[in-house]
Amino acid sequence: MELDDTQRASQAQFGKQSSCYGKGHILADVSDVAAAVEKTGLSGGTALDVATGAGHTALFLAEQGFRVTASDVARAMLDRTAEAAEESSLEIELNQHVAEVLPYSDESFDLVTCRVAGHHFSDPGAFVAESVRVLKPEGWFLLIDGCIPDGEPLAEKWTHEVEKLRDPSHGRFLRQGEWNNLCRGAGLEIKSSKLQPMKMPDLEWYFEAANTAEENRVKVRELVRNTPDEARCLFRVGEEAGKTIWWWQRLTLLAGKIPS
Ligand SMILES: C[S@@+](CC[C@H](N)C(=O)[O-])C[C@H]1O[C@@H](n2cnc3c(N)ncnc32)[C@H](O)[C@@H]1O
């Protein structure tokens, strides 16, 4: 399948950086996924993890007894997932494809998950619609991603500038209301949609994870020095032990497919 520019940028970026997303990465803490999956009452079945990265979510689901299919646009990320699965003696089916077109039959999965990736997608609406299509009736959809509360335009503009400079494959953090509307419009009933702060422990580490170009690091440090009050307050931008830290607003959206 031909990729669009946004998808190609993600494939290139994560193809280069896959080794940064393994065990020591903050995404290795899957307590957010565990808490959400517990609410579904599912204790097995079929799960599709979209944009699996180094596979933290997929591995957790496999450990819980799900039959997991994990997919990503970047082959190198799937390779990292395969290595981690082998190390843990877990079986996961791995497929390379974009999130916006899911190559599975209708009503194939009990659960579709997607964690910390939606902000890279060229068409989040197509991703949600495809997720709903491949979910079984009464299946569950779990989205976790960096997000912007509604009605925070200055904070939204600031974080967009920072993230775009840091990682050229960044698309856009959607607002909470946008994700909610996409889900409702696609035939999901939202069970919970919550924003919670997630600590970004060190701006310099964050640059390393994306291999940010030196000139862009300079620009981001400048943007951080001049953070508008609205953004400073929302993201709690500050210094801690000589490191620049802040708190992402992380959306956890759990929804059920309304049987047609
Ligand atoms: C931060 S990682 C995901 C982390 C992972 N879900 C976890 O729970 O640890 C983001 C992933 O999104 C993938 N990605 C970005 N855009 C994509 C797209 N349009 N389709 C599929 N995968 C995409 C990237 O290749 C990357 O592996």
# chains A, B, ... in the order shown; residues from 1 in each chain; ligands from 1
$ residues_near_ligand --ligand "ligand 1" --cutoff "7 Å" --atoms "only C-alpha atoms and all ligand atoms" --output "number ranges by chain"
A: 7, 10-11, 14, 27-28, 50-57, 71-74, 77, 97-100, 114-117, 120-122
$ write_last_selection --atoms "N, CA, C and O atoms" --output "CSV table (one decimal), in the first residue's frame"
chain,number,residue,atom,x,y,z
A,7,GLN,N,2.5,9.2,7.1
A,7,GLN,CA,2.8,7.8,7.4
A,7,GLN,C,4.2,7.5,7.1
A,7,GLN,O,4.9,6.8,7.8
A,10,SER,N,6.5,8.8,9.8
A,10,SER,CA,6.5,8.0,11.0
A,10,SER,C,7.4,6.7,10.7
A,10,SER,O,8.2,6.3,11.6
A,11,GLN,N,7.2,6.2,9.6
A,11,GLN,CA,7.9,5.0,9.2
A,11,GLN,C,9.4,5.2,9.3
A,11,GLN,O,10.2,4.4,9.9
A,14,PHE,N,10.5,6.1,13.2
A,14,PHE,CA,10.5,5.0,14.2
A,14,PHE,C,11.4,3.9,13.6
A,14,PHE,O,11.9,3.1,14.4
A,27,LEU,N,7.3,4.1,28.5
A,27,LEU,CA,6.1,3.4,28.0
A,27,LEU,C,6.1,1.9,28.5
A,27,LEU,O,5.2,1.2,28.4
A,28,ALA,N,7.3,1.5,29.1
A,28,ALA,CA,7.3,0.1,29.6
A,28,ALA,C,6.4,0.0,30.8
A,28,ALA,O,6.0,-1.2,31.2
A,50,VAL,N,-2.8,-1.6,17.7
A,50,VAL,CA,-2.4,-0.8,16.5
A,50,VAL,C,-1.3,0.1,16.9
A,50,VAL,O,-1.3,0.7,18.0
A,51,ALA,N,-0.3,0.2,16.0
A,51,ALA,CA,0.9,1.1,16.3
A,51,ALA,C,1.6,0.6,17.6
A,51,ALA,O,1.7,1.4,18.5
A,52,THR,N,2.0,-0.6,17.5
A,52,THR,CA,2.4,-1.3,18.8
A,52,THR,C,3.8,-0.8,19.3
A,52,THR,O,4.2,-1.1,20.4
A,53,GLY,N,4.6,-0.1,18.4
A,53,GLY,CA,5.9,0.3,18.8
A,53,GLY,C,6.7,-0.9,19.3
A,53,GLY,O,6.8,-1.9,18.6
A,54,ALA,N,7.4,-0.7,20.4
A,54,ALA,CA,8.2,-1.9,20.9
A,54,ALA,C,7.4,-2.9,21.6
A,54,ALA,O,7.9,-3.8,22.2
A,55,GLY,N,6.1,-2.8,21.6
A,55,GLY,CA,5.2,-3.9,21.9
A,55,GLY,C,4.8,-3.9,23.4
A,55,GLY,O,4.3,-4.9,23.9
A,56,HIS,N,5.0,-2.8,24.2
A,56,HIS,CA,4.7,-2.9,25.6
A,56,HIS,C,3.2,-3.3,25.9
A,56,HIS,O,2.9,-4.2,26.7
A,57,THR,N,2.3,-2.7,25.1
A,57,THR,CA,0.9,-3.0,25.3
A,57,THR,C,0.6,-4.4,24.8
A,57,THR,O,-0.1,-5.2,25.5
A,71,SER,N,0.4,-4.6,15.3
A,71,SER,CA,0.8,-4.0,14.0
A,71,SER,C,1.5,-2.7,14.1
A,71,SER,O,1.3,-2.0,15.1
A,72,ASP,N,2.2,-2.3,13.1
A,72,ASP,CA,2.9,-1.0,13.1
A,72,ASP,C,3.3,-0.7,11.7
A,72,ASP,O,3.5,-1.6,10.9
A,73,VAL,N,3.5,0.6,11.4
A,73,VAL,CA,3.9,1.0,10.1
A,73,VAL,C,5.5,0.8,9.9
A,73,VAL,O,5.9,0.6,8.8
A,74,ALA,N,6.2,0.7,11.0
A,74,ALA,CA,7.7,0.6,11.0
A,74,ALA,C,8.1,-0.9,11.3
A,74,ALA,O,7.8,-1.4,12.3
A,77,MET,N,10.2,-1.5,14.5
A,77,MET,CA,9.4,-1.6,15.7
A,77,MET,C,8.9,-3.0,15.9
A,77,MET,O,8.9,-3.6,17.0
A,97,HIS,N,1.5,-2.6,8.8
A,97,HIS,CA,0.5,-1.8,8.0
A,97,HIS,C,0.2,-0.6,8.8
A,97,HIS,O,0.5,-0.4,10.0
A,98,VAL,N,-0.5,0.4,8.1
A,98,VAL,CA,-0.9,1.6,8.7
A,98,VAL,C,-2.1,1.5,9.6
A,98,VAL,O,-2.9,0.5,9.4
A,99,ALA,N,-2.3,2.4,10.5
A,99,ALA,CA,-3.5,2.4,11.4
A,99,ALA,C,-4.7,2.8,10.7
A,99,ALA,O,-5.8,2.4,11.1
A,100,GLU,N,-4.6,3.5,9.6
A,100,GLU,CA,-5.8,4.0,8.9
A,100,GLU,C,-6.5,3.0,8.0
A,100,GLU,O,-7.7,3.3,7.7
A,114,CYS,N,-4.8,1.1,21.2
A,114,CYS,CA,-3.8,1.9,20.5
A,114,CYS,C,-3.3,2.9,21.6
A,114,CYS,O,-4.0,3.7,22.1
A,115,ARG,N,-2.0,2.9,21.8
A,115,ARG,CA,-1.4,3.7,23.0
A,115,ARG,C,-0.3,4.5,22.5
A,115,ARG,O,0.7,4.1,21.9
A,116,VAL,N,-0.4,5.8,22.8
A,116,VAL,CA,0.6,6.8,22.5
A,116,VAL,C,1.1,6.7,21.1
A,116,VAL,O,2.3,6.6,20.8
A,117,ALA,N,0.2,6.8,20.1
A,117,ALA,CA,0.5,6.8,18.7
A,117,ALA,C,-0.5,7.6,17.9
A,117,ALA,O,-0.1,8.1,16.8
A,120,HIS,N,0.3,10.6,15.8
A,120,HIS,CA,1.1,10.5,14.5
A,120,HIS,C,0.2,10.3,13.3
A,120,HIS,O,0.7,10.3,12.2
A,121,PHE,N,-1.0,9.9,13.5
A,121,PHE,CA,-1.8,9.4,12.4
A,121,PHE,C,-2.2,10.5,11.5
A,121,PHE,O,-2.6,11.6,11.9
A,122,SER,N,-2.2,10.2,10.2
A,122,SER,CA,-2.7,11.2,9.2
A,122,SER,C,-4.2,11.3,9.2
A,122,SER,O,-4.7,12.4,8.9
$ select_by_dssp --residues "range 48-99 of chain A" --states "strand (DSSP E)" --output "list in words"
Leu48, Asp49, Val50, Phe66, Arg67, Val68, Thr69, Ala70, Ser71, Asp72, Ile92, Glu93, Leu94, Asn95 and Gln96 of chain A
$ write_last_selection --atoms "all heavy atoms" --output "compact mmCIF listing (two decimals), in the first residue's frame"
# COMPACT_ATOMS: atom_id res chain seq x y z
N LEU A 48 -6.28 -6.69 19.03
CA LEU A 48 -5.43 -6.06 18.02
C LEU A 48 -4.81 -4.82 18.64
O LEU A 48 -5.52 -3.93 19.12
CB LEU A 48 -6.28 -5.64 16.81
CG LEU A 48 -5.56 -4.76 15.77
CD1 LEU A 48 -4.44 -5.54 15.07
CD2 LEU A 48 -6.56 -4.24 14.72
N ASP A 49 -3.47 -4.78 18.67
CA ASP A 49 -2.79 -3.58 19.16
C ASP A 49 -2.24 -2.82 17.95
O ASP A 49 -1.35 -3.31 17.26
CB ASP A 49 -1.66 -3.97 20.13
CG ASP A 49 -1.03 -2.73 20.76
OD1 ASP A 49 -1.79 -1.79 21.09
OD2 ASP A 49 0.20 -2.71 20.92
N VAL A 50 -2.79 -1.64 17.72
CA VAL A 50 -2.43 -0.83 16.55
C VAL A 50 -1.28 0.10 16.92
O VAL A 50 -1.30 0.71 17.99
CB VAL A 50 -3.66 -0.02 16.07
CG1 VAL A 50 -3.29 0.89 14.92
CG2 VAL A 50 -4.79 -0.95 15.68
N PHE A 66 -4.69 -12.91 26.19
CA PHE A 66 -5.32 -12.56 24.90
C PHE A 66 -4.52 -13.20 23.76
O PHE A 66 -3.31 -13.38 23.86
CB PHE A 66 -5.32 -11.05 24.70
CG PHE A 66 -6.34 -10.32 25.54
CD1 PHE A 66 -6.03 -9.87 26.81
CD2 PHE A 66 -7.62 -10.09 25.05
CE1 PHE A 66 -6.96 -9.21 27.59
CE2 PHE A 66 -8.57 -9.42 25.82
CZ PHE A 66 -8.24 -8.98 27.10
N ARG A 67 -5.21 -13.52 22.67
CA ARG A 67 -4.53 -13.89 21.42
C ARG A 67 -4.28 -12.59 20.68
O ARG A 67 -5.21 -11.94 20.19
CB ARG A 67 -5.42 -14.80 20.59
CG ARG A 67 -4.78 -16.16 20.39
CD ARG A 67 -5.67 -17.17 19.72
NE ARG A 67 -7.03 -17.17 20.20
CZ ARG A 67 -8.10 -16.95 19.43
NH1 ARG A 67 -7.98 -16.70 18.14
NH2 ARG A 67 -9.33 -16.96 19.93
N VAL A 68 -3.03 -12.16 20.62
CA VAL A 68 -2.72 -10.78 20.22
C VAL A 68 -2.16 -10.71 18.80
O VAL A 68 -1.26 -11.46 18.42
CB VAL A 68 -1.69 -10.16 21.19
CG1 VAL A 68 -1.38 -8.72 20.78
CG2 VAL A 68 -2.20 -10.21 22.62
N THR A 69 -2.72 -9.76 18.05
CA THR A 69 -2.15 -9.35 16.78
C THR A 69 -1.63 -7.94 17.00
O THR A 69 -2.37 -7.09 17.52
CB THR A 69 -3.22 -9.33 15.67
OG1 THR A 69 -3.80 -10.63 15.56
CG2 THR A 69 -2.63 -8.92 14.33
N ALA A 70 -0.36 -7.70 16.67
CA ALA A 70 0.21 -6.37 16.86
C ALA A 70 0.67 -5.85 15.51
O ALA A 70 1.23 -6.61 14.71
CB ALA A 70 1.39 -6.43 17.84
N SER A 71 0.45 -4.57 15.29
CA SER A 71 0.80 -4.03 13.97
C SER A 71 1.47 -2.67 14.13
O SER A 71 1.30 -1.98 15.14
CB SER A 71 -0.46 -3.89 13.11
OG SER A 71 -1.30 -2.90 13.65
N ASP A 72 2.23 -2.31 13.11
CA ASP A 72 2.91 -1.02 13.11
C ASP A 72 3.32 -0.71 11.68
O ASP A 72 3.50 -1.60 10.86
CB ASP A 72 4.16 -1.07 14.01
CG ASP A 72 4.61 0.31 14.47
OD1 ASP A 72 5.23 1.04 13.66
OD2 ASP A 72 4.33 0.68 15.62
N ILE A 92 2.89 -13.67 19.59
CA ILE A 92 2.14 -12.51 19.09
C ILE A 92 2.23 -12.53 17.57
O ILE A 92 3.32 -12.71 17.02
CB ILE A 92 2.75 -11.20 19.64
CG1 ILE A 92 2.61 -11.15 21.17
CG2 ILE A 92 2.10 -9.98 19.02
CD1 ILE A 92 3.17 -9.89 21.81
N GLU A 93 1.10 -12.34 16.91
CA GLU A 93 1.15 -12.23 15.44
C GLU A 93 1.53 -10.80 15.09
O GLU A 93 0.95 -9.85 15.64
CB GLU A 93 -0.22 -12.58 14.86
CG GLU A 93 -0.23 -12.52 13.34
CD GLU A 93 -1.60 -12.83 12.76
OE1 GLU A 93 -2.34 -13.66 13.34
OE2 GLU A 93 -1.94 -12.21 11.73
N LEU A 94 2.47 -10.62 14.19
CA LEU A 94 2.96 -9.28 13.86
C LEU A 94 2.68 -8.95 12.40
O LEU A 94 3.02 -9.75 11.52
CB LEU A 94 4.47 -9.19 14.12
CG LEU A 94 4.88 -9.41 15.58
CD1 LEU A 94 6.38 -9.58 15.69
CD2 LEU A 94 4.42 -8.24 16.43
N ASN A 95 2.08 -7.80 12.16
CA ASN A 95 1.77 -7.40 10.79
C ASN A 95 2.16 -5.95 10.57
O ASN A 95 1.88 -5.10 11.42
CB ASN A 95 0.27 -7.55 10.50
CG ASN A 95 -0.16 -9.00 10.59
OD1 ASN A 95 0.57 -9.90 10.15
ND2 ASN A 95 -1.32 -9.25 11.17
N GLN A 96 2.76 -5.69 9.43
CA GLN A 96 3.15 -4.30 9.11
C GLN A 96 2.07 -3.65 8.25
O GLN A 96 1.80 -4.10 7.14
CB GLN A 96 4.49 -4.30 8.35
CG GLN A 96 5.01 -2.89 8.11
CD GLN A 96 6.36 -2.88 7.41
OE1 GLN A 96 6.80 -3.90 6.88
NE2 GLN A 96 7.01 -1.73 7.38
$ residues_around --residues "range 39-43 of chain A" --least-positions-apart "6" --cutoff "8 Å" --atoms "only C-alpha atoms" --output "NGL selection string"
:A and (64-66 or 140)
$ closest_residue --among "A:Val220, A:Ala255, A:Val112, A:Ile148" --to "Val162 in chain A" --atoms "only C-alpha atoms"
A:Val220
$ closest_atom_pairs --of "range 56-157 of chain A" --to "range 172-195 of chain A" --cutoff "7 Å" --atoms "only C-alpha atoms" --output "JSON lines"
{"residue": "A:His119", "atom": "CA", "partner": "A:Arg172", "partner_atom": "CA", "distance": 5.0}
{"residue": "A:His120", "atom": "CA", "partner": "A:Arg172", "partner_atom": "CA", "distance": 6.7}
{"residue": "A:Gly125", "atom": "CA", "partner": "A:Leu182", "partner_atom": "CA", "distance": 6.0}
{"residue": "A:Val128", "atom": "CA", "partner": "A:Cys183", "partner_atom": "CA", "distance": 6.5}
{"residue": "A:Ala129", "atom": "CA", "partner": "A:Ala186", "partner_atom": "CA", "distance": 5.4}
{"residue": "A:Val132", "atom": "CA", "partner": "A:Ala186", "partner_atom": "CA", "distance": 6.8}
{"residue": "A:Gly146", "atom": "CA", "partner": "A:Phe173", "partner_atom": "CA", "distance": 6.1}
{"residue": "A:Cys147", "atom": "CA", "partner": "A:Phe173", "partner_atom": "CA", "distance": 5.1}
{"residue": "A:Ile148", "atom": "CA", "partner": "A:Arg175", "partner_atom": "CA", "distance": 4.5}
{"residue": "A:Pro149", "atom": "CA", "partner": "A:Gln176", "partner_atom": "CA", "distance": 5.6}
{"residue": "A:Asp150", "atom": "CA", "partner": "A:Arg175", "partner_atom": "CA", "distance": 5.6}
$ write_last_selection --atoms "N, CA and C atoms" --output "mmCIF file, in the first residue's frame"
data_model
loop_
_atom_site.group_PDB
_atom_site.id
_atom_site.type_symbol
_atom_site.label_atom_id
_atom_site.label_comp_id
_atom_site.auth_asym_id
_atom_site.auth_seq_id
_atom_site.Cartn_x
_atom_site.Cartn_y
_atom_site.Cartn_z
ATOM 1 N N HIS A 119 -1.417 10.499 17.845
ATOM 2 C CA HIS A 119 -0.989 11.844 17.441
ATOM 3 C C HIS A 119 -0.065 11.820 16.230
ATOM 4 N N HIS A 120 0.316 10.634 15.765
ATOM 5 C CA HIS A 120 1.115 10.535 14.530
ATOM 6 C C HIS A 120 0.237 10.258 13.303
ATOM 7 N N GLY A 125 -9.680 9.809 12.239
ATOM 8 C CA GLY A 125 -11.072 9.389 12.022
ATOM 9 C C GLY A 125 -11.140 8.054 11.294
ATOM 10 N N VAL A 128 -10.267 5.288 13.749
ATOM 11 C CA VAL A 128 -11.362 4.918 14.670
ATOM 12 C C VAL A 128 -12.421 4.104 13.916
ATOM 13 N N ALA A 129 -12.771 4.560 12.708
ATOM 14 C CA ALA A 129 -13.806 3.853 11.929
ATOM 15 C C ALA A 129 -13.351 2.422 11.612
ATOM 16 N N VAL A 132 -13.593 0.217 14.710
ATOM 17 C CA VAL A 132 -14.979 -0.192 14.986
ATOM 18 C C VAL A 132 -15.384 -1.322 14.032
ATOM 19 N N GLY A 146 -1.409 11.246 24.263
ATOM 20 C CA GLY A 146 -1.265 12.626 24.681
ATOM 21 C C GLY A 146 -2.428 13.415 24.089
ATOM 22 N N CYS A 147 -2.916 14.378 24.817
ATOM 23 C CA CYS A 147 -4.172 15.012 24.419
ATOM 24 C C CYS A 147 -4.208 16.430 24.972
ATOM 25 N N ILE A 148 -5.068 17.236 24.410
ATOM 26 C CA ILE A 148 -5.219 18.609 24.874
ATOM 27 C C ILE A 148 -6.635 18.767 25.430
ATOM 28 N N PRO A 149 -6.758 19.298 26.641
ATOM 29 C CA PRO A 149 -8.121 19.564 27.131
ATOM 30 C C PRO A 149 -8.804 20.572 26.198
ATOM 31 N N ASP A 150 -10.102 20.497 26.100
ATOM 32 C CA ASP A 150 -10.831 21.466 25.268
ATOM 33 C C ASP A 150 -10.653 22.878 25.836
#
$ select_by_dssp --residues "range 46-235 of chain A" --states "alpha helix (DSSP H)" --output "VMD selection string"
chain A and resid 56 to 63 75 to 87 124 to 134 153 to 166 176 to 185 203 to 210 214 to 225 229 to 235
$ closest_residue --among "A:Gln249, A:Thr227, A:Asn211, A:Thr159" --to "Gln196 in chain A" --atoms "only C-alpha atoms"
A:Gln249
$ closest_residue --among "A:Glu63, A:Glu107, A:Asp202, A:Glu239" --to "Glu91 in chain A" --atoms "only C-alpha atoms"
A:Glu63
$ atom_distance --atom1 "CA of Leu90 in chain A" --atom2 "CA of Gly22 in chain A"
16.1 Å
$ atom_distance --atom1 "CA of Glu83 in chain A" --atom2 "CA of Leu135 in chain A"
27.6 Å
$ residues_around --residues "range 197-199 of chain A" --least-positions-apart "2" --cutoff "7 Å" --atoms "only C-alpha atoms" --output "JSON, numbers by chain"
{"A": [195, 201, 246, 247, 248, 249, 250]}
$ closest_residue --among "A:Ser131, A:Ser105, A:Ser18, A:Thr6" --to "Glu208 in chain A" --atoms "only C-alpha atoms"
A:Ser18
$ atom_distance --atom1 "CA of Trp158 in chain A" --atom2 "CA of Arg236 in chain A"
13.2 Å
$ closest_residue --among "A:Ser89, A:Ser108, A:Thr46, A:Gln13" --to "Ala209 in chain A" --atoms "only C-alpha atoms"
A:Gln13
